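Peer 1: Contents of target_5.txt (compact mmCIF, C-alpha atoms) are below:
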```
# COMPACT_ATOMS: atom_id res chain seq x y z
CA MET A 1084 -11.87 11.21 47.99
CA PHE A 1085 -14.21 10.07 45.24
CA LYS A 1086 -13.26 13.07 43.10
CA LEU A 1087 -9.54 12.35 43.69
CA LYS A 1088 -9.96 8.70 42.63
CA LYS A 1089 -11.89 9.79 39.56
CA TRP A 1090 -9.16 12.33 38.66
CA LEU A 1091 -6.41 9.68 39.12
CA ALA A 1092 -8.32 7.24 36.94
CA GLY A 1093 -8.69 9.87 34.24
CA ALA A 1094 -5.01 10.77 34.47
CA SER A 1095 -4.10 7.07 34.11
CA VAL A 1096 -6.20 6.79 30.94
CA MET A 1097 -4.61 9.98 29.57
CA ALA A 1098 -1.10 8.65 30.29
CA SER A 1099 -1.97 5.37 28.62
CA MET A 1100 -3.18 7.22 25.56
CA VAL A 1101 0.02 9.27 25.40
CA LEU A 1102 2.16 6.13 25.64
CA GLN A 1103 0.12 4.44 22.94
CA GLY A 1104 0.53 7.51 20.79
CA ALA A 1105 4.28 7.44 21.32
CA SER A 1106 4.54 3.76 20.38
CA ALA A 1107 2.44 4.42 17.31
CA SER A 1108 4.58 7.32 16.10
CA GLU A 1109 4.60 7.86 12.36
CA VAL A 1110 7.64 8.02 10.13
CA THR A 1111 7.64 9.82 6.79
CA LEU A 1112 10.14 8.60 4.22
CA ARG A 1113 11.02 10.60 1.11
CA LEU A 1114 11.56 8.42 -1.97
CA HIS A 1115 13.22 9.96 -5.03
CA GLN A 1116 13.73 8.58 -8.55
CA PHE A 1117 14.26 9.73 -12.12
CA LEU A 1118 11.38 8.37 -14.24
CA PRO A 1119 7.74 9.45 -14.72
CA GLN A 1120 5.23 7.95 -12.31
CA ASN A 1121 3.51 6.01 -15.11
CA SER A 1122 6.65 4.21 -16.33
CA SER A 1123 7.17 0.54 -15.53
CA VAL A 1124 9.23 0.47 -12.34
CA PRO A 1125 7.52 3.43 -10.60
CA ALA A 1126 4.04 2.11 -11.47
CA MET A 1127 4.54 -1.65 -11.11
CA ALA A 1128 7.28 -1.96 -8.48
CA ILE A 1129 7.83 1.21 -6.44
CA THR A 1130 4.14 2.04 -5.91
CA PRO A 1131 3.20 -1.54 -4.84
CA TRP A 1132 6.25 -1.56 -2.53
CA ILE A 1133 5.12 1.71 -0.92
CA GLU A 1134 1.58 0.41 -0.46
CA LYS A 1135 2.88 -2.82 1.09
CA ILE A 1136 5.11 -1.20 3.72
CA GLU A 1137 2.44 1.36 4.59
CA LYS A 1138 -0.05 -1.45 5.12
CA GLU A 1139 2.32 -3.73 7.03
CA SER A 1140 3.30 -0.86 9.34
CA ASN A 1141 -0.39 -0.17 10.03
CA GLY A 1142 0.04 3.26 8.52
CA ARG A 1143 2.95 4.22 10.78
CA ILE A 1144 5.25 4.50 7.77
CA LYS A 1145 4.24 7.06 5.17
CA VAL A 1146 6.17 7.44 1.93
CA GLN A 1147 6.33 10.63 -0.12
CA HIS A 1148 7.19 9.63 -3.69
CA TYR A 1149 9.07 12.15 -5.85
CA PRO A 1150 9.31 10.96 -9.49
CA LEU A 1151 11.19 12.70 -12.32
CA MET A 1152 13.81 14.21 -9.96
CA GLN A 1153 11.14 16.41 -8.36
CA ALA A 1154 13.14 16.63 -5.12
CA GLY A 1155 15.99 18.30 -7.00
CA GLY A 1156 19.31 17.43 -8.56
CA VAL A 1157 20.15 15.20 -11.51
CA PRO A 1158 19.97 11.38 -11.84
CA GLY A 1159 23.71 10.96 -11.27
CA GLN A 1160 23.30 12.44 -7.77
CA LEU A 1161 20.60 10.04 -6.56
CA PHE A 1162 22.84 7.51 -4.83
CA ASP A 1163 24.61 10.27 -2.90
CA GLN A 1164 21.26 11.81 -1.98
CA ALA A 1165 20.37 8.57 -0.20
CA ARG A 1166 23.83 8.21 1.34
CA ASP A 1167 23.87 11.80 2.62
CA GLY A 1168 20.27 11.90 3.83
CA VAL A 1169 19.05 14.50 1.34
CA VAL A 1170 16.23 12.00 0.85
CA ASP A 1171 15.55 8.68 2.59
CA ILE A 1172 15.20 6.21 -0.30
CA VAL A 1173 16.22 6.29 -3.95
CA TRP A 1174 15.89 4.10 -6.98
CA THR A 1175 18.70 4.72 -9.46
CA ALA A 1176 20.66 3.29 -12.37
CA LEU A 1177 24.18 2.34 -11.34
CA GLY A 1178 25.42 3.35 -14.77
CA TYR A 1179 24.71 6.99 -13.95
CA THR A 1180 27.87 7.03 -11.79
CA PRO A 1181 30.51 5.41 -14.05
CA GLY A 1182 33.26 3.47 -12.33
CA ARG A 1183 31.67 3.67 -8.88
CA PHE A 1184 30.34 0.10 -8.82
CA PRO A 1185 33.10 -1.87 -10.60
CA ARG A 1186 32.09 -5.31 -9.36
CA SER A 1187 28.41 -4.78 -10.10
CA GLU A 1188 29.34 -3.69 -13.63
CA VAL A 1189 29.98 -7.31 -14.57
CA PHE A 1190 26.25 -7.80 -15.25
CA GLU A 1191 26.40 -5.06 -17.91
CA LEU A 1192 28.97 -6.91 -20.01
CA PRO A 1193 27.81 -7.87 -23.54
CA PHE A 1194 25.71 -11.02 -23.77
CA MET A 1195 25.97 -11.62 -20.01
CA ALA A 1196 22.44 -11.36 -18.57
CA ASN A 1197 19.52 -13.54 -19.59
CA LYS A 1198 16.65 -11.75 -21.34
CA ASP A 1199 14.29 -12.66 -18.47
CA ALA A 1200 14.73 -9.63 -16.21
CA GLU A 1201 13.05 -11.27 -13.20
CA LYS A 1202 15.39 -14.27 -13.10
CA SER A 1203 18.47 -12.21 -13.89
CA SER A 1204 17.49 -9.68 -11.18
CA VAL A 1205 17.44 -12.41 -8.53
CA ALA A 1206 20.82 -13.60 -9.83
CA PHE A 1207 22.18 -10.04 -9.68
CA HIS A 1208 20.92 -9.52 -6.13
CA GLU A 1209 22.62 -12.72 -4.99
CA PHE A 1210 25.79 -11.65 -6.80
CA VAL A 1211 25.88 -8.25 -5.09
CA THR A 1212 25.19 -9.59 -1.59
CA THR A 1213 27.87 -12.27 -2.09
CA TYR A 1214 30.61 -10.47 -4.05
CA ALA A 1215 29.92 -6.72 -4.11
CA GLN A 1216 28.35 -5.83 -0.76
CA GLU A 1217 31.14 -3.33 -0.02
CA GLU A 1218 29.95 -1.14 -2.89
CA PHE A 1219 26.78 -0.46 -0.87
CA LYS A 1220 28.29 -0.24 2.64
CA ASP A 1221 27.31 3.44 3.01
CA VAL A 1222 23.58 2.76 2.54
CA LYS A 1223 20.93 0.26 3.56
CA LEU A 1224 20.56 -2.00 0.52
CA LEU A 1225 16.91 -2.82 -0.20
CA ALA A 1226 17.42 -4.56 -3.55
CA VAL A 1227 19.32 -4.47 -6.79
CA HIS A 1228 18.00 -5.61 -10.15
CA VAL A 1229 18.50 -5.50 -13.90
CA ASN A 1230 16.24 -4.59 -16.79
CA GLY A 1231 15.44 -6.53 -19.93
CA PRO A 1232 17.69 -6.93 -22.97
CA GLY A 1233 19.16 -3.82 -24.56
CA VAL A 1234 17.50 -2.72 -27.78
CA LEU A 1235 18.70 -0.27 -30.43
CA HIS A 1236 16.00 2.22 -31.42
CA THR A 1237 17.05 3.90 -34.65
CA LYS A 1238 15.86 6.39 -37.26
CA THR A 1239 17.29 4.23 -40.05
CA PRO A 1240 17.20 0.40 -40.04
CA VAL A 1241 20.05 -1.48 -38.38
CA LYS A 1242 20.32 -5.01 -39.78
CA THR A 1243 24.10 -5.46 -39.77
CA LEU A 1244 27.16 -4.14 -37.96
CA GLU A 1245 27.91 -1.99 -41.00
CA ASP A 1246 24.63 -0.10 -40.51
CA LEU A 1247 25.90 1.15 -37.13
CA LYS A 1248 29.14 2.62 -38.44
CA GLY A 1249 29.41 6.30 -37.45
CA MET A 1250 25.85 6.39 -36.03
CA ARG A 1251 25.48 8.60 -32.95
CA VAL A 1252 23.79 6.37 -30.37
CA ARG A 1253 22.77 7.16 -26.82
CA GLY A 1254 24.69 4.94 -24.39
CA ALA A 1255 23.08 3.77 -21.18
CA SER A 1256 26.29 3.37 -19.16
CA ARG A 1257 30.09 3.29 -19.33
CA ILE A 1258 30.06 -0.35 -20.43
CA VAL A 1259 27.33 0.21 -23.02
CA ASN A 1260 29.34 3.10 -24.46
CA ILE A 1261 32.32 0.78 -24.89
CA ILE A 1262 30.08 -1.86 -26.51
CA LEU A 1263 28.73 0.69 -29.00
CA GLU A 1264 32.22 1.91 -29.78
CA GLN A 1265 33.42 -1.64 -30.48
CA MET A 1266 30.54 -2.04 -32.94
CA GLY A 1267 31.53 1.10 -34.84
CA ALA A 1268 28.95 3.51 -33.46
CA VAL A 1269 29.63 6.86 -31.80
CA PRO A 1270 28.37 6.59 -28.20
CA VAL A 1271 26.74 9.61 -26.54
CA GLY A 1272 26.17 9.14 -22.81
CA MET A 1273 23.02 10.57 -21.22
CA PRO A 1274 20.29 9.56 -18.73
CA ALA A 1275 17.06 8.10 -20.11
CA PRO A 1276 14.87 11.20 -19.53
CA ALA A 1277 17.12 13.23 -21.87
CA VAL A 1278 16.78 10.83 -24.82
CA GLY A 1279 13.57 12.24 -26.30
CA GLU A 1280 14.88 15.77 -26.59
CA ALA A 1281 18.24 14.54 -27.95
CA LEU A 1282 16.46 12.54 -30.68
CA SER A 1283 14.13 15.41 -31.61
CA LYS A 1284 17.03 17.87 -31.87
CA GLY A 1285 19.22 15.50 -33.86
CA VAL A 1286 21.91 15.27 -31.18
CA ILE A 1287 21.62 11.49 -31.61
CA SER A 1288 20.00 9.38 -34.32
CA ALA A 1289 19.53 6.26 -32.19
CA ALA A 1290 19.25 5.16 -28.58
CA SER A 1291 20.10 2.05 -26.60
CA LEU A 1292 17.12 1.48 -24.32
CA GLN A 1293 14.97 -1.38 -23.10
CA TRP A 1294 11.50 -1.89 -24.56
CA GLU A 1295 9.86 -0.95 -21.25
CA VAL A 1296 10.89 2.70 -21.22
CA VAL A 1297 9.73 3.37 -24.79
CA PRO A 1298 6.10 4.43 -24.07
CA ALA A 1299 6.98 6.74 -21.16
CA LEU A 1300 9.51 8.62 -23.33
CA ARG A 1301 7.44 8.26 -26.54
CA ILE A 1302 10.42 6.84 -28.38
CA GLN A 1303 8.14 4.95 -30.79
CA GLN A 1304 7.04 8.31 -32.22
CA MET A 1305 10.59 9.58 -32.74
CA VAL A 1306 12.16 6.55 -34.43
CA LYS A 1307 10.68 3.85 -36.65
CA HIS A 1308 13.12 0.94 -36.33
CA HIS A 1309 14.08 -1.29 -33.40
CA THR A 1310 16.83 -3.94 -33.43
CA ILE A 1311 17.35 -6.82 -31.01
CA THR A 1312 19.76 -9.76 -31.02
CA HIS A 1313 19.00 -13.48 -31.35
CA GLY A 1314 19.20 -15.90 -28.42
CA ASP A 1315 18.61 -16.03 -24.66
CA ARG A 1316 21.15 -13.39 -23.70
CA GLY A 1317 20.79 -9.73 -24.59
CA LEU A 1318 23.31 -7.38 -26.16
CA TYR A 1319 23.59 -5.73 -22.74
CA THR A 1320 21.54 -4.99 -19.65
CA GLY A 1321 21.36 -2.14 -17.16
CA THR A 1322 21.87 -2.44 -13.40
CA PHE A 1323 19.80 -0.62 -10.78
CA ALA A 1324 19.73 -0.15 -7.02
CA PHE A 1325 16.95 0.54 -4.51
CA VAL A 1326 18.66 1.89 -1.38
CA MET A 1327 17.89 3.68 1.88
CA ASN A 1328 19.79 6.15 4.02
CA ARG A 1329 21.52 4.11 6.72
CA ASN A 1330 20.85 6.58 9.56
CA THR A 1331 17.16 6.79 8.68
CA TYR A 1332 16.94 3.01 8.88
CA GLU A 1333 18.91 2.78 12.16
CA LYS A 1334 16.66 5.33 13.86
CA LEU A 1335 13.50 3.32 13.16
CA PRO A 1336 11.87 1.38 16.02
CA ALA A 1337 12.66 -2.35 15.90
CA ASP A 1338 9.22 -3.30 14.60
CA LEU A 1339 9.45 -0.78 11.72
CA LYS A 1340 12.96 -1.97 10.88
CA LYS A 1341 11.42 -5.41 10.54
CA VAL A 1342 8.85 -4.04 8.07
CA ILE A 1343 11.68 -2.64 5.93
CA ASP A 1344 13.71 -5.86 6.26
CA ASN A 1345 10.69 -7.95 5.25
CA ASN A 1346 10.40 -5.82 2.13
CA SER A 1347 14.03 -6.05 1.09
CA GLY A 1348 16.08 -8.72 -0.63
CA PRO A 1349 15.55 -11.25 -3.44
CA LYS A 1350 11.75 -10.98 -3.47
CA VAL A 1351 11.97 -7.23 -4.02
CA ALA A 1352 14.62 -7.78 -6.72
CA ALA A 1353 12.17 -10.17 -8.40
CA LEU A 1354 9.35 -7.59 -8.08
CA PHE A 1355 11.43 -4.99 -9.93
CA GLY A 1356 12.51 -7.57 -12.52
CA ARG A 1357 8.87 -8.55 -13.15
CA ALA A 1358 8.00 -4.90 -13.61
CA MET A 1359 10.71 -4.71 -16.27
CA ASN A 1360 9.39 -7.83 -18.02
CA GLU A 1361 5.83 -6.52 -18.01
CA GLY A 1362 7.07 -3.13 -19.14
CA ASP A 1363 8.92 -4.74 -22.04
CA GLN A 1364 5.67 -6.30 -23.22
CA ARG A 1365 3.87 -2.95 -22.98
CA GLY A 1366 6.69 -1.28 -24.88
CA LEU A 1367 6.53 -3.87 -27.64
CA GLU A 1368 2.77 -3.40 -27.92
CA ALA A 1369 3.19 0.38 -28.22
CA ILE A 1370 5.77 -0.09 -30.98
CA LYS A 1371 3.58 -2.55 -32.88
CA LYS A 1372 0.59 -0.23 -32.54
CA GLU A 1373 2.69 2.55 -34.09
CA GLY A 1374 3.49 0.26 -37.02
CA ASN A 1375 7.26 0.43 -36.53
CA SER A 1376 9.63 -2.25 -37.80
CA ILE A 1377 11.10 -4.71 -35.28
CA ILE A 1378 14.31 -6.30 -36.53
CA THR A 1379 15.51 -9.50 -34.83
CA LEU A 1380 19.00 -10.38 -35.98
CA ASP A 1381 19.48 -13.98 -37.07
CA SER A 1382 22.00 -16.25 -35.32
CA THR A 1383 24.72 -15.53 -37.89
CA GLU A 1384 24.54 -11.76 -37.57
CA THR A 1385 24.23 -12.02 -33.78
CA ALA A 1386 27.44 -14.07 -33.76
CA ARG A 1387 29.13 -11.20 -35.62
CA TRP A 1388 27.97 -8.79 -32.93
CA GLN A 1389 29.26 -11.17 -30.26
CA ARG A 1390 32.67 -11.30 -31.92
CA ALA A 1391 32.72 -7.51 -32.32
CA THR A 1392 32.03 -7.01 -28.61
CA SER A 1393 34.16 -9.89 -27.28
CA ARG A 1394 37.01 -7.50 -26.61
CA VAL A 1395 34.86 -5.57 -24.15
CA ARG A 1396 35.26 -8.31 -21.54
CA ALA A 1397 39.05 -8.33 -21.93
CA MET A 1398 39.12 -4.53 -21.63
CA TRP A 1399 36.95 -4.70 -18.51
CA TYR A 1400 39.16 -7.40 -16.92
CA GLN A 1401 42.17 -5.17 -17.44
CA ASP A 1402 40.38 -2.07 -16.18
CA VAL A 1403 39.09 -3.56 -12.91
CA GLY A 1404 42.35 -5.45 -12.46
CA LYS A 1405 44.06 -2.09 -11.89
CA ARG A 1406 41.77 -1.74 -8.87
CA GLY A 1407 42.75 -5.12 -7.48
CA ILE A 1408 39.64 -6.90 -8.74
CA ASN A 1409 39.75 -10.30 -10.42
CA GLY A 1410 37.31 -9.54 -13.23
CA GLU A 1411 37.59 -12.92 -14.90
CA LYS A 1412 36.57 -14.71 -11.70
CA LEU A 1413 33.71 -12.25 -11.10
CA ALA A 1414 32.42 -12.86 -14.64
CA ALA A 1415 32.55 -16.61 -14.07
CA ASP A 1416 30.67 -16.21 -10.76
CA ALA A 1417 28.06 -14.03 -12.47
CA ASP A 1418 27.67 -16.55 -15.29
CA ALA A 1419 27.14 -19.34 -12.74
CA LEU A 1420 24.47 -17.39 -10.85
CA ILE A 1421 22.65 -16.48 -14.06
CA ALA A 1422 22.63 -20.15 -15.06
CA LYS A 1423 21.46 -21.15 -11.57
CA HIS A 1424 18.47 -18.79 -11.61
CA ASN A 1425 17.50 -19.47 -15.24
CA LYS A 1426 17.02 -23.24 -14.99
```
Would you put the structure from the file into structure tokens?
Peer 2:
Amino acid sequence: MFKLKKWLAGASVMASMVLQGASASEVTLRLHQFLPQNSSVPAMAITPWIEKIEKESNGRIKVQHYPLMQAGGVPGQLFDQARDGVVDIVWTALGYTPGRFPRSEVFELPFMANKDAEKSSVAFHEFVTTYAQEEFKDVKLLAVHVNGPGVLHTKTPVKTLEDLKGMRVRGASRIVNIILEQMGAVPVGMPAPAVGEALSKGVISAASLQWEVVPALRIQQMVKHHTITHGDRGLYTGTFAFVMNRNTYEKLPADLKKVIDNNSGPKVAALFGRAMNEGDQRGLEAIKKEGNSIITLDSTETARWQRATSRVRAMWYQDVGKRGINGEKLAADADALIAKHNK
């Protein structure tokens, strides 16, 4: 009898251990994105985010991070990779899939977003969750954000609109390509990782990029001049999304869903925006260290650029109007949110 009781007690302990093991099951999430690990967002936003959810899940969530498209495909496929479950989480630029996020595009319009990427990112996240949620219905939205003001990095100085005439310039998105065209340049669309090779081979002689990505792509060694506009609002900005496969999220235990939920939303948008701000400062330092010229247009020349690109909004209103979208109202709503979060 004693041996039987001892065996039953041992079996009970074993069963308890199995149950505990089941409740403490681990989940591995594959995160895919297009930039080097040492660039601003991967280093200062994605990596801290990974560390935070791994810690808050007591190690039950593990994240495998694949930078530089190491899990396969090209940047324009990232959103679909998350939607289709090829990977579990992606960070991507919305501009890599032109026309797919028409409402979200409003933040890319010329002289729309404030130069403070953190504040404008929170504004953008509120905009998307209020006015453009349907564009992300096929995924679990973790956060959206913007980067800092668009900068022109050129082999020859650009001090006036006339200096841009006929210049082949890398465009960051559909809207940026239209902006460049309105200013007299010849836009050449391509993802950021392709810019260095395109500059070195002479495919382009300039690139529209934010300061923050300059060091990772070594742009400061390929061009010697950098032009930015005057005032609080940048020539343009880029829009980005951090999203998760919906089925992966739904299959998580309730407590792990809560970990993901607690690490989604405006605070994460702000985290990514701060990374962009800090990256901009690092990019500027790298450019100054190289001895390159930084050209800030005065208010008069900036006003000329504003007039030259003013037609972009009208063109965008007409374009999205064909899809049943009131672009003028969306732009007004975006303006109001940017003002709200930049007080």
Peer 1: Which residue, A:Met1398, A:Ile1262, A:Leu1161, A:Leu1413, has the smallest gap to A:Arg1186 when you use only C-alpha atoms?
Peer 2: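 Among the listed residues, the smallest separation from A:Arg1186 belongs to A:Leu1413.
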Peer 1: Within 6 Å of A:Ala1324, counting all atoms listed in the file, which residues qualify if same-chain residues fewer than 5 places away don't, as a list in words?
Peer 2: Trp1174, Thr1175 and Val1227 of chain A
Peer 1: Please compute the atom CA of A:Ala1422-atom CA of A:Asp1363 distance, one decimal, in Å.
Peer 2: 21.8 Å
Peer 1: Taking 2 positions as the minimum chain separation for residues in the same chain, which residues sit within 12 Å of A:Glu1264 when counting all atoms listed in the file? Answer as a compact mmCIF listing (two decimals) with C-alpha atoms, in the coordinates of the input.
Peer 2:
```txt
# COMPACT_ATOMS: atom_id res chain seq x y z
CA LEU A 1244 27.16 -4.14 -37.96
CA LEU A 1247 25.90 1.15 -37.13
CA LYS A 1248 29.14 2.62 -38.44
CA GLY A 1249 29.41 6.30 -37.45
CA MET A 1250 25.85 6.39 -36.03
CA ARG A 1251 25.48 8.60 -32.95
CA VAL A 1252 23.79 6.37 -30.37
CA ARG A 1253 22.77 7.16 -26.82
CA GLY A 1254 24.69 4.94 -24.39
CA ARG A 1257 30.09 3.29 -19.33
CA ILE A 1258 30.06 -0.35 -20.43
CA VAL A 1259 27.33 0.21 -23.02
CA ASN A 1260 29.34 3.10 -24.46
CA ILE A 1261 32.32 0.78 -24.89
CA ILE A 1262 30.08 -1.86 -26.51
CA MET A 1266 30.54 -2.04 -32.94
CA GLY A 1267 31.53 1.10 -34.84
CA ALA A 1268 28.95 3.51 -33.46
CA VAL A 1269 29.63 6.86 -31.80
CA PRO A 1270 28.37 6.59 -28.20
CA VAL A 1271 26.74 9.61 -26.54
CA GLY A 1272 26.17 9.14 -22.81
CA TRP A 1388 27.97 -8.79 -32.93
CA ALA A 1391 32.72 -7.51 -32.32
CA THR A 1392 32.03 -7.01 -28.61
CA ARG A 1394 37.01 -7.50 -26.61
CA VAL A 1395 34.86 -5.57 -24.15
```
Peer 1: Can you tell me how far atom CA of A:Asn1375 sits from atom CA of A:Val1234, in Å to one decimal?
Peer 2: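 Distance between the two atoms: 13.8 Å.
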Peer 1: Quick one: everything within 8 Å of A:Tyr1179, counting only C-alpha atoms, minus sequence neighbours fewer than 2 positions away in the same chain. Send it as a list in words.
Peer 2: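 My reading of the contact set: Pro1158, Gly1159, Thr1175, Ala1176, Leu1177, Pro1181, Ser1256 and Pro1274 of chain A.
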Peer 1: Can I get the selected residues back with C-alpha atoms, as a compact mmCIF listing (two decimals), in the coordinates of the input?
Peer 2:
```txt
# COMPACT_ATOMS: atom_id res chain seq x y z
CA PRO A 1158 19.97 11.38 -11.84
CA GLY A 1159 23.71 10.96 -11.27
CA THR A 1175 18.70 4.72 -9.46
CA ALA A 1176 20.66 3.29 -12.37
CA LEU A 1177 24.18 2.34 -11.34
CA PRO A 1181 30.51 5.41 -14.05
CA SER A 1256 26.29 3.37 -19.16
CA PRO A 1274 20.29 9.56 -18.73
```
Peer 1: Can you list, as a PyMOL selection string, every protein, DNA or RNA residue that comes within 10 Å of A:Lys1341 when you count all atoms listed in the file, leaving out same-chain residues fewer than 5 positions away?
Peer 2: chain A and resi 1139-1140+1335-1336+1346-1347
Peer 1: Within 12 Å of A:Met1305, counting all atoms listed in the file, which residues show up once you throw out same-chain ones fewer than 4 positions away? Write them as a list in words, please.
Peer 2: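 What passes the distance filter is His1236, Thr1237, Lys1238, Thr1239, Val1278, Gly1279, Glu1280, Ala1281, Leu1282, Ser1283, Lys1284, Gly1285, Ile1287, Ser1288, Ala1289, Ala1290, Val1297, Pro1298, Leu1300, Arg1301, His1309, Ile1370, Glu1373 and Asn1375 of chain A.
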Peer 1: Which residue is closest to A:Ala1165? Choose from A:Val1222, A:Ala1419, A:Ala1200, A:Leu1112 and count all atoms listed in the file.
Peer 2: A:Val1222
Peer 1: Go ahead and compute the interatomic distance for atom CA of A:Ala1206 and atom CA of A:Gly1410, in Å to one decimal.
Peer 2: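 Atom-to-atom, atom CA of A:Ala1206 and atom CA of A:Gly1410 are spaced 17.3 Å apart.
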Peer 1: Nearest to A:Tyr1214: which of A:Glu1188, A:Asp1199, A:Glu1368, A:Asp1402 is it, counting only C-alpha atoms?
Peer 2: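 Result for the nearest residue to A:Tyr1214: A:Glu1188.
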Peer 1: Which residue is closest to A:Glu1109? Choose from A:Leu1224, A:Ala1299, A:Ala1358, A:Leu1339 and count only C-alpha atoms.
Peer 2: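 Using only C-alpha atoms, the shortest distance to A:Glu1109 belongs to A:Leu1339.
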Peer 1: A:Arg1387, A:Ile1302, A:Trp1132, A:Pro1185: which is nearest A:Gln1401, counting all atoms listed in the file?
Peer 2: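 Of all the options, A:Pro1185 lies closest to A:Gln1401.
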Peer 1: Would you please work out which residue, of A:Phe1162, A:Phe1325, A:Phe1117, A:Phe1190, is nearest to A:Ile1421 when using all atoms listed in the file?
Peer 2: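 That would be A:Phe1190, the residue with the smallest distance to A:Ile1421.
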Peer 1: Where's the centre, and what are the edge lengths in Å to one decimal, of a box along x, y and z enclosing all listed atoms of stretch 1404-1416 of chain A padded 6 Å per side, as AutoDock Vina command-line options?
Peer 2:
```
--center_x 37.4 --center_y -9.2 --center_z -11.2 --size_x 25.4 --size_y 26.9 --size_z 19.4
```
Peer 1: Could you rebuild stretch 1153-1166 of chain A with N, CA, C and O atoms and give me the result as a PDB file, in the coordinates of the input?
Peer 2:
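Writing the result to out.pdb gives the following:
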```
ATOM      1  N   GLN A1153      11.895  15.268  -8.890  1.00  0.00           N
ATOM      2  CA  GLN A1153      11.140  16.410  -8.360  1.00  0.00           C
ATOM      3  C   GLN A1153      11.685  16.936  -7.033  1.00  0.00           C
ATOM      4  O   GLN A1153      11.344  18.049  -6.621  1.00  0.00           O
ATOM      5  N   ALA A1154      12.543  16.156  -6.378  1.00  0.00           N
ATOM      6  CA  ALA A1154      13.140  16.630  -5.120  1.00  0.00           C
ATOM      7  C   ALA A1154      14.465  17.344  -5.367  1.00  0.00           C
ATOM      8  O   ALA A1154      15.148  17.736  -4.426  1.00  0.00           O
ATOM      9  N   GLY A1155      14.799  17.521  -6.663  1.00  0.00           N
ATOM     10  CA  GLY A1155      15.990  18.300  -7.000  1.00  0.00           C
ATOM     11  C   GLY A1155      17.179  17.458  -7.415  1.00  0.00           C
ATOM     12  O   GLY A1155      17.258  16.263  -7.129  1.00  0.00           O
ATOM     13  N   GLY A1156      18.101  18.107  -8.125  1.00  0.00           N
ATOM     14  CA  GLY A1156      19.310  17.430  -8.560  1.00  0.00           C
ATOM     15  C   GLY A1156      19.143  16.740  -9.900  1.00  0.00           C
ATOM     16  O   GLY A1156      18.139  16.915 -10.598  1.00  0.00           O
ATOM     17  N   VAL A1157      20.153  15.948 -10.253  1.00  0.00           N
ATOM     18  CA  VAL A1157      20.150  15.200 -11.510  1.00  0.00           C
ATOM     19  C   VAL A1157      20.306  13.715 -11.187  1.00  0.00           C
ATOM     20  O   VAL A1157      20.742  13.358 -10.088  1.00  0.00           O
ATOM     21  N   PRO A1158      19.940  12.816 -12.124  1.00  0.00           N
ATOM     22  CA  PRO A1158      19.970  11.380 -11.840  1.00  0.00           C
ATOM     23  C   PRO A1158      21.293  10.862 -11.276  1.00  0.00           C
ATOM     24  O   PRO A1158      21.301   9.988 -10.401  1.00  0.00           O
ATOM     25  N   GLY A1159      22.412  11.411 -11.755  1.00  0.00           N
ATOM     26  CA  GLY A1159      23.710  10.960 -11.270  1.00  0.00           C
ATOM     27  C   GLY A1159      23.969  11.251  -9.801  1.00  0.00           C
ATOM     28  O   GLY A1159      24.908  10.717  -9.213  1.00  0.00           O
ATOM     29  N   GLN A1160      23.127  12.085  -9.181  1.00  0.00           N
ATOM     30  CA  GLN A1160      23.300  12.440  -7.770  1.00  0.00           C
ATOM     31  C   GLN A1160      22.426  11.606  -6.840  1.00  0.00           C
ATOM     32  O   GLN A1160      22.529  11.738  -5.607  1.00  0.00           O
ATOM     33  N   LEU A1161      21.578  10.748  -7.386  1.00  0.00           N
ATOM     34  CA  LEU A1161      20.600  10.040  -6.560  1.00  0.00           C
ATOM     35  C   LEU A1161      21.234   9.184  -5.474  1.00  0.00           C
ATOM     36  O   LEU A1161      20.811   9.221  -4.309  1.00  0.00           O
ATOM     37  N   PHE A1162      22.237   8.391  -5.828  1.00  0.00           N
ATOM     38  CA  PHE A1162      22.840   7.510  -4.830  1.00  0.00           C
ATOM     39  C   PHE A1162      23.389   8.321  -3.662  1.00  0.00           C
ATOM     40  O   PHE A1162      23.184   7.965  -2.486  1.00  0.00           O
ATOM     41  N   ASP A1163      24.065   9.421  -3.966  1.00  0.00           N
ATOM     42  CA  ASP A1163      24.610  10.270  -2.900  1.00  0.00           C
ATOM     43  C   ASP A1163      23.515  10.944  -2.095  1.00  0.00           C
ATOM     44  O   ASP A1163      23.692  11.216  -0.900  1.00  0.00           O
ATOM     45  N   GLN A1164      22.383  11.224  -2.720  1.00  0.00           N
ATOM     46  CA  GLN A1164      21.260  11.810  -1.980  1.00  0.00           C
ATOM     47  C   GLN A1164      20.779  10.863  -0.891  1.00  0.00           C
ATOM     48  O   GLN A1164      20.437  11.287   0.212  1.00  0.00           O
ATOM     49  N   ALA A1165      20.755   9.558  -1.215  1.00  0.00           N
ATOM     50  CA  ALA A1165      20.370   8.570  -0.200  1.00  0.00           C
ATOM     51  C   ALA A1165      21.475   8.420   0.842  1.00  0.00           C
ATOM     52  O   ALA A1165      21.209   8.364   2.048  1.00  0.00           O
ATOM     53  N   ARG A1166      22.707   8.361   0.407  1.00  0.00           N
ATOM     54  CA  ARG A1166      23.830   8.210   1.340  1.00  0.00           C
ATOM     55  C   ARG A1166      23.903   9.369   2.325  1.00  0.00           C
ATOM     56  O   ARG A1166      24.120   9.182   3.527  1.00  0.00           O
TER      57      ARG A1166
END
```
